[in-house]
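J.: What follows is work12.cif, mmCIF, C-alpha atoms and all ligand atoms.
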```cif
data_work
#
loop_
_atom_site.label_atom_id
_atom_site.label_comp_id
_atom_site.auth_asym_id
_atom_site.auth_seq_id
_atom_site.Cartn_x
_atom_site.Cartn_y
_atom_site.Cartn_z
CA MET A 70 74.55 70.02 -17.96
CA THR A 71 75.98 67.64 -15.36
CA PRO A 72 73.56 64.74 -15.17
CA THR A 73 73.58 62.49 -12.13
CA LEU A 74 71.60 59.68 -13.80
CA ILE A 75 70.94 58.73 -17.43
CA LEU A 76 68.38 56.21 -18.69
CA ARG A 77 69.34 54.96 -22.14
CA ASN A 78 67.27 53.19 -24.81
CA CYS A 79 63.94 54.04 -23.26
CA THR A 80 60.64 53.54 -25.06
CA LEU A 81 58.38 56.43 -24.18
CA ALA A 82 54.70 56.53 -25.16
CA ASN A 83 55.73 58.69 -28.16
CA GLY A 84 58.91 56.86 -29.20
CA PRO A 85 62.51 56.01 -28.27
CA ALA A 86 64.68 58.33 -26.14
CA ASP A 87 67.52 58.74 -23.67
CA ILE A 88 66.62 60.63 -20.48
CA ALA A 89 69.08 62.69 -18.43
CA ILE A 90 68.40 63.61 -14.81
CA GLU A 91 70.29 66.09 -12.67
CA ASN A 92 69.62 65.62 -8.97
CA SER A 93 65.82 65.50 -8.79
CA THR A 94 64.95 67.07 -12.17
CA ILE A 95 64.68 65.80 -15.75
CA ILE A 96 67.12 67.93 -17.77
CA ALA A 97 67.12 66.32 -21.24
CA ILE A 98 65.07 63.92 -23.35
CA GLU A 99 66.65 63.19 -26.73
CA PRO A 100 66.95 60.27 -29.16
CA HIS A 101 70.70 59.84 -28.35
CA LEU A 102 72.44 61.75 -25.60
CA ALA A 103 76.23 62.17 -26.08
CA ILE A 104 76.86 63.11 -22.43
CA THR A 105 77.47 60.58 -19.65
CA ALA A 106 76.51 60.34 -15.97
CA PRO A 107 77.99 58.57 -12.93
CA THR A 108 74.97 56.22 -12.94
CA GLU A 109 73.51 54.92 -16.17
CA ILE A 110 70.74 52.41 -16.76
CA ASP A 111 70.27 50.60 -20.07
CA CYS A 112 66.51 50.24 -20.46
CA ALA A 113 67.00 47.98 -23.53
CA GLY A 114 63.97 49.35 -25.36
CA ASN A 115 61.62 48.84 -22.45
CA LEU A 116 58.70 51.10 -21.60
CA VAL A 117 59.54 54.09 -19.42
CA SER A 118 56.42 55.62 -17.97
CA PRO A 119 55.47 58.25 -15.44
CA PRO A 120 54.73 56.46 -12.15
CA PHE A 121 51.29 55.07 -11.46
CA VAL A 122 48.85 57.27 -9.61
CA GLU A 123 46.67 55.53 -7.04
CA SER A 124 43.68 57.89 -7.01
CA HIS A 125 41.65 56.14 -4.36
CA ILE A 126 42.67 53.92 -1.49
CA HIS A 127 41.78 53.48 2.18
CA LEU A 128 45.15 53.11 3.90
CA ASP A 129 43.64 53.25 7.39
CA SER A 130 41.86 49.92 6.86
CA ALA A 131 44.50 48.30 4.60
CA LEU A 132 45.82 44.90 5.70
CA THR A 133 43.06 44.26 8.26
CA ALA A 134 41.07 41.57 6.39
CA GLY A 135 39.54 39.11 8.85
CA GLN A 136 39.80 41.50 11.81
CA PRO A 137 37.65 40.92 13.73
CA ARG A 138 35.82 38.84 11.07
CA HIS A 139 35.56 38.33 7.31
CA ASN A 140 32.86 39.94 5.18
CA GLN A 141 30.45 37.08 4.41
CA SER A 142 27.86 38.93 2.33
CA GLY A 143 30.45 40.83 0.32
CA THR A 144 28.41 44.02 0.60
CA LEU A 145 29.53 47.56 1.28
CA PHE A 146 27.26 47.68 4.31
CA GLU A 147 28.66 44.61 6.05
CA GLY A 148 32.12 46.06 5.36
CA ILE A 149 31.17 49.30 7.09
CA GLU A 150 29.91 47.34 10.12
CA ILE A 151 33.06 45.23 10.37
CA TRP A 152 35.21 48.35 10.09
CA ARG A 153 33.08 50.04 12.80
CA ASP A 154 34.18 47.25 15.15
CA ARG A 155 37.80 47.14 14.00
CA LYS A 156 38.27 50.87 14.32
CA GLN A 157 37.49 50.74 18.05
CA THR A 158 40.91 49.12 18.49
CA LEU A 159 42.92 51.48 16.27
CA THR A 160 46.16 52.86 17.62
CA LEU A 161 48.49 55.34 16.02
CA ASP A 162 51.22 52.72 15.58
CA ASP A 163 48.76 50.24 14.09
CA VAL A 164 47.59 52.74 11.45
CA LYS A 165 51.07 54.01 10.66
CA HIS A 166 52.58 50.54 10.38
CA ARG A 167 49.91 49.15 8.05
CA ALA A 168 49.76 52.30 5.92
CA THR A 169 53.54 52.35 5.47
CA GLU A 170 53.61 48.65 4.56
CA ALA A 171 50.88 49.23 1.99
CA LEU A 172 52.72 52.23 0.52
CA LYS A 173 55.92 50.18 0.18
CA LEU A 174 53.97 47.45 -1.60
CA MET A 175 52.45 50.03 -3.94
CA ALA A 176 55.79 51.77 -4.64
CA SER A 177 57.41 48.44 -5.48
CA GLN A 178 54.77 48.09 -8.20
CA GLY A 179 55.40 51.55 -9.61
CA THR A 180 53.00 53.81 -7.71
CA LEU A 181 54.47 57.09 -6.43
CA PHE A 182 51.36 59.27 -6.09
CA VAL A 183 48.52 58.30 -3.78
CA ARG A 184 45.23 59.73 -2.55
CA THR A 185 44.06 58.00 0.61
CA HIS A 186 40.87 58.38 2.58
CA ALA A 187 41.07 58.62 6.38
CA ASP A 188 37.92 57.78 8.30
CA VAL A 189 37.07 60.75 10.49
CA SER A 190 33.96 59.31 12.17
CA GLU A 191 35.81 58.48 15.40
CA ALA A 192 36.18 61.05 18.17
CA SER A 193 39.89 60.27 18.58
CA LEU A 194 40.69 60.98 14.89
CA THR A 195 43.38 58.28 15.18
CA ALA A 196 43.14 57.18 11.54
CA LEU A 197 43.55 60.76 10.37
CA GLN A 198 46.44 61.53 12.68
CA GLY A 199 48.23 58.32 11.65
CA LEU A 200 47.83 58.99 7.94
CA LEU A 201 48.90 62.65 8.25
CA GLU A 202 52.05 61.51 10.06
CA VAL A 203 52.73 58.89 7.40
CA ARG A 204 52.13 61.44 4.61
CA ASP A 205 54.82 63.66 6.10
CA ALA A 206 57.22 60.82 6.93
CA VAL A 207 57.27 59.37 3.39
CA LYS A 208 57.19 62.58 1.38
CA ASP A 209 60.74 62.34 0.06
CA TRP A 210 59.91 59.12 -1.83
CA ILE A 211 56.12 58.99 -2.35
CA THR A 212 53.45 61.70 -2.50
CA VAL A 213 50.35 61.13 -0.38
CA GLN A 214 47.15 63.21 -0.17
CA VAL A 215 44.74 62.59 2.70
CA VAL A 216 40.96 62.97 2.38
CA ALA A 217 38.90 63.56 5.54
CA PHE A 218 36.31 60.83 4.94
CA PRO A 219 33.25 60.56 7.23
CA GLN A 220 32.57 56.82 6.77
CA ASP A 221 29.52 56.89 9.07
CA GLY A 222 28.06 60.03 7.48
CA ILE A 223 28.45 63.71 8.34
CA TYR A 224 25.00 63.57 9.96
CA GLY A 225 25.12 59.88 10.93
CA GLY A 226 26.34 60.65 14.47
CA PRO A 227 26.09 63.71 16.71
CA LYS A 228 29.80 64.61 16.60
CA ASN A 229 30.61 63.79 12.99
CA ASN A 230 29.92 67.24 11.57
CA ASP A 231 32.41 68.83 13.97
CA LEU A 232 34.92 66.02 13.51
CA ILE A 233 35.24 66.53 9.77
CA GLU A 234 35.93 70.24 10.27
CA GLU A 235 38.49 69.43 12.96
CA ALA A 236 40.14 66.96 10.57
CA ILE A 237 40.49 69.64 7.93
CA LYS A 238 41.96 72.06 10.46
CA GLN A 239 44.50 69.38 11.38
CA GLY A 240 45.72 69.29 7.78
CA ALA A 241 43.66 66.96 5.57
CA ASP A 242 44.19 67.84 1.90
CA ALA A 243 40.62 67.16 0.78
CA VAL A 244 37.08 67.01 2.12
CA GLY A 245 35.20 63.74 1.65
CA GLY A 246 31.64 62.54 2.08
CA ILE A 247 29.23 59.66 1.64
CA PRO A 248 25.80 61.13 0.77
CA HIS A 249 24.23 57.77 -0.20
CA TYR A 250 24.90 56.48 3.34
CA GLU A 251 23.46 59.49 5.20
CA LEU A 252 20.28 58.53 7.06
CA THR A 253 17.94 60.27 4.64
CA ARG A 254 18.07 61.64 1.13
CA GLU A 255 17.73 65.14 2.60
CA ASP A 256 20.74 64.57 4.86
CA GLY A 257 22.65 63.36 1.79
CA VAL A 258 21.92 66.59 -0.07
CA ARG A 259 22.74 68.66 3.02
CA SER A 260 26.04 66.78 3.41
CA VAL A 261 27.13 67.70 -0.13
CA HIS A 262 26.44 71.39 0.57
CA ARG A 263 28.40 71.13 3.81
CA ILE A 264 31.37 69.55 2.01
CA PHE A 265 31.51 72.44 -0.46
CA GLU A 266 31.18 74.97 2.36
CA LEU A 267 34.16 73.40 4.15
CA ALA A 268 36.24 73.17 0.97
CA GLU A 269 35.68 76.85 0.23
CA LYS A 270 36.29 77.92 3.82
CA TYR A 271 39.60 76.04 4.14
CA ASN A 272 40.66 76.04 0.47
CA ARG A 273 40.73 72.26 0.07
CA LEU A 274 40.07 69.75 -2.70
CA ILE A 275 36.88 67.64 -2.65
CA ASP A 276 36.61 63.87 -3.15
CA ILE A 277 33.20 62.40 -2.33
CA HIS A 278 32.23 58.74 -2.18
CA CYS A 279 29.15 59.33 -4.33
CA ASP A 280 26.29 56.97 -5.15
CA GLU A 281 28.25 53.80 -4.37
CA ILE A 282 25.12 51.69 -4.57
CA ASP A 283 23.08 49.95 -7.29
CA ASP A 284 20.01 52.06 -6.46
CA ASP A 285 18.99 53.89 -9.65
CA GLN A 286 17.34 56.52 -7.42
CA SER A 287 20.63 57.47 -5.75
CA ARG A 288 21.27 60.80 -7.49
CA PHE A 289 23.76 62.77 -5.43
CA LEU A 290 26.08 63.11 -8.42
CA GLU A 291 23.80 65.80 -9.85
CA ILE A 292 24.11 67.74 -6.58
CA VAL A 293 27.91 67.43 -6.61
CA SER A 294 27.98 68.54 -10.23
CA ALA A 295 25.69 71.52 -9.59
CA CYS A 296 27.75 72.65 -6.56
CA ALA A 297 30.98 72.33 -8.58
CA LEU A 298 29.48 74.51 -11.29
CA ARG A 299 28.12 77.15 -8.90
CA THR A 300 31.30 77.41 -6.82
CA SER A 301 33.61 77.20 -9.85
CA LEU A 302 35.61 74.58 -7.94
CA LYS A 303 35.17 72.30 -11.01
CA GLU A 304 38.42 70.31 -11.50
CA GLN A 305 39.14 70.54 -7.79
CA VAL A 306 36.13 68.27 -7.28
CA THR A 307 36.05 64.49 -7.64
CA ALA A 308 33.18 62.04 -7.52
CA SER A 309 34.42 58.59 -6.49
CA HIS A 310 32.69 55.31 -7.34
CA THR A 311 29.37 56.75 -8.78
CA THR A 312 28.33 53.14 -9.42
CA ALA A 313 24.62 54.04 -9.49
CA PHE A 314 25.36 55.85 -12.77
CA GLY A 315 25.54 52.36 -14.27
CA SER A 316 21.91 51.82 -13.22
CA TYR A 317 20.38 55.15 -14.27
CA ASN A 318 17.92 55.05 -17.15
CA ASP A 319 19.43 56.30 -20.39
CA ALA A 320 17.21 59.40 -20.65
CA TYR A 321 18.39 60.62 -17.24
CA ALA A 322 21.99 59.55 -17.89
CA PHE A 323 22.00 61.50 -21.17
CA LYS A 324 20.81 64.70 -19.49
CA LEU A 325 23.21 64.22 -16.58
CA MET A 326 26.17 63.71 -18.91
CA GLY A 327 25.53 67.18 -20.38
CA PHE A 328 25.57 68.74 -16.90
CA LEU A 329 28.73 66.84 -15.97
CA LYS A 330 30.54 68.16 -19.05
CA ARG A 331 29.74 71.69 -17.92
CA SER A 332 30.88 71.04 -14.37
CA GLU A 333 34.26 69.50 -15.44
CA ILE A 334 34.59 67.40 -12.29
CA ASN A 335 36.82 64.30 -12.07
CA PHE A 336 35.66 60.71 -11.68
CA ILE A 337 37.31 57.75 -10.01
CA ALA A 338 36.31 54.15 -10.71
CA ASN A 339 37.49 51.26 -8.55
CA PRO A 340 36.79 48.26 -10.77
CA LEU A 341 38.40 45.52 -8.67
CA ILE A 342 36.28 46.25 -5.66
CA ASN A 343 33.06 47.42 -7.25
CA ILE A 344 32.77 44.39 -9.54
CA THR A 345 32.63 42.34 -6.34
CA LEU A 346 30.79 44.75 -4.00
CA GLN A 347 27.91 45.73 -6.27
CA GLY A 348 25.18 43.57 -7.78
CA ARG A 349 24.94 41.59 -4.54
CA THR A 350 21.16 41.99 -4.31
CA ASP A 351 20.66 41.13 -7.99
CA THR A 352 19.81 37.66 -9.18
CA TYR A 353 20.18 37.60 -12.98
CA PRO A 354 20.96 39.55 -15.07
CA LYS A 355 23.55 40.72 -12.53
CA ARG A 356 24.88 44.26 -12.81
CA ARG A 357 28.57 45.01 -13.25
CA GLY A 358 28.35 47.77 -10.65
CA LEU A 359 30.65 50.22 -12.34
CA THR A 360 30.11 53.80 -13.36
CA ARG A 361 29.95 54.63 -17.09
CA VAL A 362 33.72 54.82 -17.50
CA LYS A 363 33.82 54.50 -21.28
CA GLU A 364 31.06 57.05 -21.85
CA LEU A 365 32.58 59.57 -19.40
CA TRP A 366 35.92 59.24 -21.19
CA GLN A 367 34.25 59.58 -24.59
CA ALA A 368 32.54 62.75 -23.33
CA GLY A 369 35.98 64.20 -22.54
CA LEU A 370 35.63 64.01 -18.77
CA ASN A 371 38.59 63.09 -16.60
CA VAL A 372 38.39 59.55 -15.22
CA SER A 373 41.04 57.87 -13.10
CA LEU A 374 41.33 54.56 -11.29
CA GLY A 375 41.99 53.22 -7.82
CA ASN A 376 42.46 49.98 -5.92
CA ASP A 377 40.23 51.28 -3.09
CA CYS A 378 41.31 48.41 -0.84
CA ILE A 379 44.19 46.11 -0.04
CA GLN A 380 42.95 43.27 2.14
CA ASP A 381 40.34 45.02 4.23
CA PRO A 382 36.68 44.52 5.32
CA TRP A 383 35.44 45.37 1.82
CA TYR A 384 37.93 43.41 -0.28
CA GLY A 385 40.03 40.59 1.13
CA LEU A 386 42.23 40.39 -1.97
CA GLY A 387 44.40 42.98 -3.64
CA THR A 388 48.09 43.82 -3.79
CA GLY A 389 47.93 47.52 -4.65
CA ASN A 390 48.99 46.87 -8.25
CA MET A 391 47.59 49.53 -10.59
CA LEU A 392 47.97 47.29 -13.66
CA ASP A 393 45.53 44.83 -12.07
CA VAL A 394 43.08 47.71 -11.74
CA VAL A 395 43.64 48.77 -15.35
CA ALA A 396 43.16 45.22 -16.60
CA MET A 397 39.90 44.89 -14.68
CA ALA A 398 38.68 48.24 -16.05
CA VAL A 399 39.46 47.10 -19.59
CA HIS A 400 37.35 43.99 -19.07
CA VAL A 401 34.41 45.29 -17.08
CA CYS A 402 34.08 48.52 -19.08
CA GLN A 403 34.71 46.69 -22.38
CA MET A 404 37.50 49.09 -23.34
CA THR A 405 39.41 46.62 -25.49
CA GLY A 406 40.00 48.84 -28.55
CA LEU A 407 43.60 50.01 -28.94
CA LYS A 408 42.80 53.65 -28.12
CA GLU A 409 40.63 52.47 -25.23
CA LEU A 410 43.47 50.34 -23.82
CA ASP A 411 45.76 53.37 -23.89
CA ALA A 412 43.04 55.46 -22.25
CA CYS A 413 42.79 52.94 -19.40
CA TYR A 414 46.58 53.13 -18.94
CA ASP A 415 46.28 56.93 -18.81
CA MET A 416 43.58 56.56 -16.13
CA ALA A 417 46.23 54.98 -13.90
CA THR A 418 48.87 57.61 -14.76
CA GLY A 419 48.29 61.09 -16.24
CA TYR A 420 44.54 61.24 -15.68
CA GLY A 421 45.15 60.26 -12.06
CA ALA A 422 47.60 63.15 -11.73
CA ARG A 423 44.83 65.43 -13.01
CA THR A 424 42.39 64.11 -10.42
CA LEU A 425 44.96 64.79 -7.70
CA ASN A 426 45.58 68.26 -9.17
CA LEU A 427 49.27 67.37 -9.57
CA GLN A 428 49.58 67.61 -13.35
CA ASP A 429 51.99 70.59 -13.25
CA SER A 430 54.69 68.54 -11.54
CA TYR A 431 53.87 65.16 -13.13
CA GLY A 432 55.05 63.56 -16.36
CA ILE A 433 58.22 62.83 -18.31
CA GLU A 434 59.16 66.32 -19.50
CA VAL A 435 62.27 68.48 -19.27
CA GLY A 436 62.10 70.62 -16.13
CA LYS A 437 59.74 68.32 -14.26
CA PRO A 438 60.66 66.28 -11.16
CA ALA A 439 62.36 63.01 -12.13
CA ASN A 440 59.75 60.45 -11.11
CA LEU A 441 59.50 57.54 -13.51
CA ILE A 442 59.30 53.80 -13.80
CA VAL A 443 60.83 51.24 -16.17
CA LEU A 444 58.54 48.31 -16.95
CA ASP A 445 59.63 44.92 -18.24
CA CYS A 446 57.70 45.30 -21.51
CA THR A 447 57.80 47.54 -24.57
CA SER A 448 54.35 49.15 -24.77
CA GLN A 449 51.36 50.17 -22.66
CA TYR A 450 49.37 47.47 -24.44
CA GLU A 451 51.91 44.85 -23.32
CA ALA A 452 51.89 46.29 -19.82
CA ILE A 453 48.14 45.75 -19.55
CA ARG A 454 48.22 42.31 -21.16
CA ARG A 455 51.08 40.84 -19.13
CA ARG A 456 51.20 43.06 -16.04
CA PRO A 457 55.00 42.72 -15.90
CA ILE A 458 57.25 43.69 -13.02
CA VAL A 459 58.49 47.25 -12.64
CA SER A 460 62.26 46.88 -13.08
CA TYR A 461 63.17 50.34 -11.74
CA VAL A 462 61.29 52.86 -9.69
CA ILE A 463 62.97 56.26 -9.86
CA SER A 464 61.75 58.75 -7.30
CA ARG A 465 62.96 62.33 -6.98
CA GLY A 466 65.86 61.53 -9.34
CA GLN A 467 67.13 58.51 -7.43
CA VAL A 468 66.69 54.78 -7.94
CA LEU A 469 64.30 53.82 -5.14
CA ILE A 470 63.67 50.17 -6.06
CA GLU A 471 65.15 47.68 -8.51
CA THR A 472 63.38 44.39 -9.23
CA THR A 473 64.62 41.56 -11.42
CA THR A 474 62.35 39.42 -13.55
CA PRO A 475 62.12 35.81 -12.35
CA GLU A 476 63.93 33.47 -14.71
CA ILE A 477 62.06 30.48 -16.13
CA LYS A 478 64.42 27.52 -16.57
CA TRP A 479 63.08 24.57 -18.56
CA GLN A 480 64.63 21.37 -17.25
CA ARG A 481 64.02 19.27 -20.36
CA GLY A 482 63.29 19.90 -24.03
CA VAL A 483 59.64 19.71 -25.15
CA GLY A 484 57.79 20.33 -28.44
N1 LIG B 1 34.14 52.65 2.44
C1 LIG B 1 33.17 52.89 1.53
O1 LIG B 1 32.20 53.61 1.84
N2 LIG B 1 33.26 52.36 0.31
C2 LIG B 1 34.29 51.59 -0.02
N3 LIG B 1 34.36 51.06 -1.26
C3 LIG B 1 35.30 51.32 0.91
C4 LIG B 1 35.20 51.88 2.14
C5 LIG B 1 36.45 50.46 0.55
FE FE2 B 2 36.46 54.14 -1.25
#
```
Taking this structure as input, can you express it in the form of structure tokens?
T.:
Amino acid sequence: MTPTLILRNCTLANGPADIAIENSTIIAIEPHLAITAPTEIDCAGNLVSPPFVESHIHLDSALTAGQPRHNQSGTLFEGIEIWRDRKQTLTLDDVKHRATEALKLMASQGTLFVRTHADVSEASLTALQGLLEVRDAVKDWITVQVVAFPQDGIYGGPKNNDLIEEAIKQGADAVGGIPHYELTREDGVRSVHRIFELAEKYNRLIDIHCDEIDDDQSRFLEIVSACALRTSLKEQVTASHTTAFGSYNDAYAFKLMGFLKRSEINFIANPLINITLQGRTDTYPKRRGLTRVKELWQAGLNVSLGNDCIQDPWYGLGTGNMLDVVAMAVHVCQMTGLKELDACYDMATGYGARTLNLQDSYGIEVGKPANLIVLDCTSQYEAIRRRPIVSYVISRGQVLIETTTPEIKWQRGVG
């Protein structure tokens, strides 16, 4: 064993440890390592965690808030219209620059695994091309998956059906969709079948924007679940948002939950954005606009979390911080019990890796790639409560980013 980097006095989720890394691999995890390394970091009892996993973000629209105008109604649909205008002016450099800036922001807050959607409703496929180039350019420090996402619907324009297939041929990792925004319910159903056909044909993952609406009659999730069961794609399939699930009547939700358990698909909730986007047509009581995160987790289904947006037509706020997302999930989903808090942390880490189908190479275990973060706190509970800085981001066995905690200096004695 010739370690290149050792982290001492770490607090892992299951207790204290020293961690030895050789080049890009974790080679030892023990209470006290006697060996030394040319670089050593004293973690001083702080929490060492696998990196955050951003399961759902739109990097093509990131950092465009206000261009060409702000979203006044706060609805999904006004956001789509604003983006339809903004995307007419997309250039490759524009997409690549903003996406890379957003990824740097995310990495500095501990995220090293990302699934992004690329809108493929434009004939030029500029957003897709930009994000594929960024994915390849950053791969030695952050892992990016790209979903071919037809924002305007697979059947919403004459070319869209061909464009999504072209996007997959060009190298998108996953097939996306938006059945609740297709022009009719029938088109929505047809679009889900088409997504599965493409995924099987090209051997790709699936991640569908599904039922992102308060309409209790929006029921494409059952189609996604049935297709996942019939094709056996199961854990390769993800339903994003599914906010209508929060509006289904309990009798239907109960039946659906049984089907979902059989289909074993993944779910992604985006609490920061959907708490603001949904419920806009309600007066009072006003819906929370989130899927049934707690109940899905209690049923043993895999749920992960995303920011969805960083300053774009749908959400003008956001910094890409996964702990902000976790904290919002804890509040909106009322997951304040100790086990529930830990589950929400897992939704931003290990459960996210499961959604991305990366679990074999993810986690703090001997033999796995050395990707980990050191937080300025001693437990997951503290991390959620205080949302501290990430002191060290270690990517592929090397220190990628170091951040120091701001010092508070009292200038006179009080109390
Ligand atoms: N597009 C969409 O359909 N839904 C969203 N939440 C965003 C983009 C951000
Ligand atoms: Fe989204």
J.: List as a ChimeraX atom specification: which residues have an atom within 10 Å of (66.4, 55.4, -6.8), counting all atoms listed in the file?
T.: /A:74,210,440-441,461-471
J.: Return as a ChimeraX atom specification every polymer residue, whether protein, DNA or RNA, with at least one atom no more than 7 Å from an atom of ligand FE2 2 (chain B); count only C-alpha atoms and all ligand atoms.
T.: /A:125-127,278,377
J.: What residues have any atom no more than 9 Å from ligand LIG 1 (chain B) when counting only C-alpha atoms and all ligand atoms, and can you list them as an MDAnalysis selection string?
T.: chainID A and resid 126:127 130 145:146 148:149 152 186 188 218:221 246:247 250 278:279 281 310 339 342:343 346 376:379 381:384
J.: Determine, for each residue of stretch 215-318 of chain A having at least one atom at most 7 Å from an atom of stretch 348-363 of chain A, the closest pair of atoms and their separation in Å to one decimal, counting all atoms listed in the file; order by chain and ascending number, as a tab-separated table.
T.:
```
residue	atom	partner	partner_atom	distance
A:Asp283	CA	A:Gly358	CA	6.6
A:His310	CA	A:Thr360	CA	6.7
A:Thr311	CA	A:Thr360	CA	5.5
A:Thr312	CA	A:Thr360	CA	4.4
A:Ala313	CA	A:Thr360	CA	6.7
A:Phe314	CA	A:Thr360	CA	5.2
A:Gly315	CA	A:Thr360	CA	4.9
```
J.: Between A:Trp479, A:Ala103, A:Glu304, A:Thr195, which one has atoms that come closest to A:Gln428, using only C-alpha atoms?
T.: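 Comparing A:Trp479, A:Ala103, A:Glu304, A:Thr195 against A:Gln428, the winner is A:Glu304.
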J.: Select, from A:Asn230, A:Gln380, A:Gln178, A:Ser294, the residue with the minimum atom-to-atom distance to A:Ala308, counting all atoms listed in the file.
T.: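 Once distances to A:Ala308 are computed over all atoms listed in the file, the minimum belongs to A:Ser294.
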J.: With only C-alpha atoms as the atoms that count, which of A:Thr472, A:Gln305, A:Asn83, A:Ser124 lies nearest to A:Val215?
T.: A:Ser124
J.: Is there a way to get, as a VMD selection string, all residues within 12 Å of the point (30.2, 54.0, -25.8) in file coordinates, counting all atoms listed in the file?
T.: chain A and resid 361 to 368 402 to 406 409
J.: How many Å lie between atom CA of A:Thr424 and atom CA of A:Ala86, rounded to one decimal?
T.: 27.9 Å
J.: For stretch 207-223 of chain A, I'd like the enclosing box, axis-aligned and padded by 8 Å on every side, reported as JSON with centre and edge lengths in Å to one decimal.
T.:
```
{"center_x": 44.4, "center_y": 60.3, "center_z": 3.3, "size_x": 48.7, "size_y": 22.9, "size_z": 27.6}
```
J.: For a quick check of understanding, using only C-alpha atoms, which of A:Val216, A:Ala131, A:Leu197, A:Val207 has the smallest distance to A:Leu386?
T.: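 Looking at the shortest contact to A:Leu386, the residue is A:Ala131.
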J.: So how many Å separate atom CA of A:Met326 and atom CA of A:Leu425, to one decimal?
T.: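 Computing the Euclidean distance for atom CA of A:Met326 and atom CA of A:Leu425 yields 21.9 Å.
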J.: What's around A:Asp276 at 7 Å? Count only C-alpha atoms, leave out sequence neighbours fewer than 3 positions away in its own chain, and write the answer as a list in words.
T.: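 In the requested form, the answer reads Ala243, Val244, Gly245, Val306, Thr307, Ala308 and Ser309 of chain A.
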J.: Kindly indicate which residue among A:Val443, A:Ala134, A:Val258, A:Leu159 lies nearest to A:Ile88, using only C-alpha atoms for the distances.
T.: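 Selected residue with least distance to A:Ile88: A:Val443.
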J.: State, in Å with one decimal place, the distance from atom CA of A:Leu298 to atom CA of A:Ser373.
T.: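 That distance, rounded to one decimal, is 20.3 Å.
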J.: Just the residues within 9 Å of A:Glu434, please, counting all atoms listed in the file, with nothing from its chain fewer than 6 positions along; format it as a list of chain:residue names.
T.: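 The neighbour list is A:Ile95, A:Ile96, A:Ala97, A:Ile98.
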J.: With only C-alpha atoms as the basis for distance, which of A:Pro107, A:Gly484, A:Gly226, A:Gly179 is at the shortest distance from A:Pro72?
T.: A:Pro107
J.: Can you tell me, as JSON, numbers by chain, what residues are no more than 12 Å from A:Arg423 when counting all atoms listed in the file, ignoring any on the same chain fewer than 4 positions away?
T.: {"A": [122, 123, 124, 182, 184, 304, 305, 306, 307, 333, 334, 335, 336, 337, 370, 371, 372, 373, 374, 415, 416, 417, 418, 419, 427, 428, 429, 430, 431, 432]}
J.: Selection from above, C-alpha atoms, as an mmCIF file, keeping the file's coordinate frame, can you write it?
T.:
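Written output follows (out-v2.cif):
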```cif
data_model
loop_
_atom_site.group_PDB
_atom_site.id
_atom_site.type_symbol
_atom_site.label_atom_id
_atom_site.label_comp_id
_atom_site.auth_asym_id
_atom_site.auth_seq_id
_atom_site.Cartn_x
_atom_site.Cartn_y
_atom_site.Cartn_z
ATOM 1 C CA VAL A 122 48.850 57.270 -9.610
ATOM 2 C CA GLU A 123 46.670 55.530 -7.040
ATOM 3 C CA SER A 124 43.680 57.890 -7.010
ATOM 4 C CA PHE A 182 51.360 59.270 -6.090
ATOM 5 C CA ARG A 184 45.230 59.730 -2.550
ATOM 6 C CA GLU A 304 38.420 70.310 -11.500
ATOM 7 C CA GLN A 305 39.140 70.540 -7.790
ATOM 8 C CA VAL A 306 36.130 68.270 -7.280
ATOM 9 C CA THR A 307 36.050 64.490 -7.640
ATOM 10 C CA GLU A 333 34.260 69.500 -15.440
ATOM 11 C CA ILE A 334 34.590 67.400 -12.290
ATOM 12 C CA ASN A 335 36.820 64.300 -12.070
ATOM 13 C CA PHE A 336 35.660 60.710 -11.680
ATOM 14 C CA ILE A 337 37.310 57.750 -10.010
ATOM 15 C CA LEU A 370 35.630 64.010 -18.770
ATOM 16 C CA ASN A 371 38.590 63.090 -16.600
ATOM 17 C CA VAL A 372 38.390 59.550 -15.220
ATOM 18 C CA SER A 373 41.040 57.870 -13.100
ATOM 19 C CA LEU A 374 41.330 54.560 -11.290
ATOM 20 C CA ASP A 415 46.280 56.930 -18.810
ATOM 21 C CA MET A 416 43.580 56.560 -16.130
ATOM 22 C CA ALA A 417 46.230 54.980 -13.900
ATOM 23 C CA THR A 418 48.870 57.610 -14.760
ATOM 24 C CA GLY A 419 48.290 61.090 -16.240
ATOM 25 C CA LEU A 427 49.270 67.370 -9.570
ATOM 26 C CA GLN A 428 49.580 67.610 -13.350
ATOM 27 C CA ASP A 429 51.990 70.590 -13.250
ATOM 28 C CA SER A 430 54.690 68.540 -11.540
ATOM 29 C CA TYR A 431 53.870 65.160 -13.130
ATOM 30 C CA GLY A 432 55.050 63.560 -16.360
#
```
J.: I'd like the contact shell of A:Asn390 - 7 Å cut-off, all atoms listed in the file, skipping same-chain residues fewer than 3 positions apart - returned as a list in words.
T.: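 The filter keeps Met175, Gln178, Asp393 and Val394 of chain A.
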J.: For the selection you just gave me, I'd like the residues written to a file as an mmCIF file, in the frame of the given file, keeping C-alpha atoms.
T.:
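The resulting file, out-v2.cif, is reproduced below:
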```cif
data_model
loop_
_atom_site.group_PDB
_atom_site.id
_atom_site.type_symbol
_atom_site.label_atom_id
_atom_site.label_comp_id
_atom_site.auth_asym_id
_atom_site.auth_seq_id
_atom_site.Cartn_x
_atom_site.Cartn_y
_atom_site.Cartn_z
ATOM 1 C CA MET A 175 52.450 50.030 -3.940
ATOM 2 C CA GLN A 178 54.770 48.090 -8.200
ATOM 3 C CA ASP A 393 45.530 44.830 -12.070
ATOM 4 C CA VAL A 394 43.080 47.710 -11.740
#
```
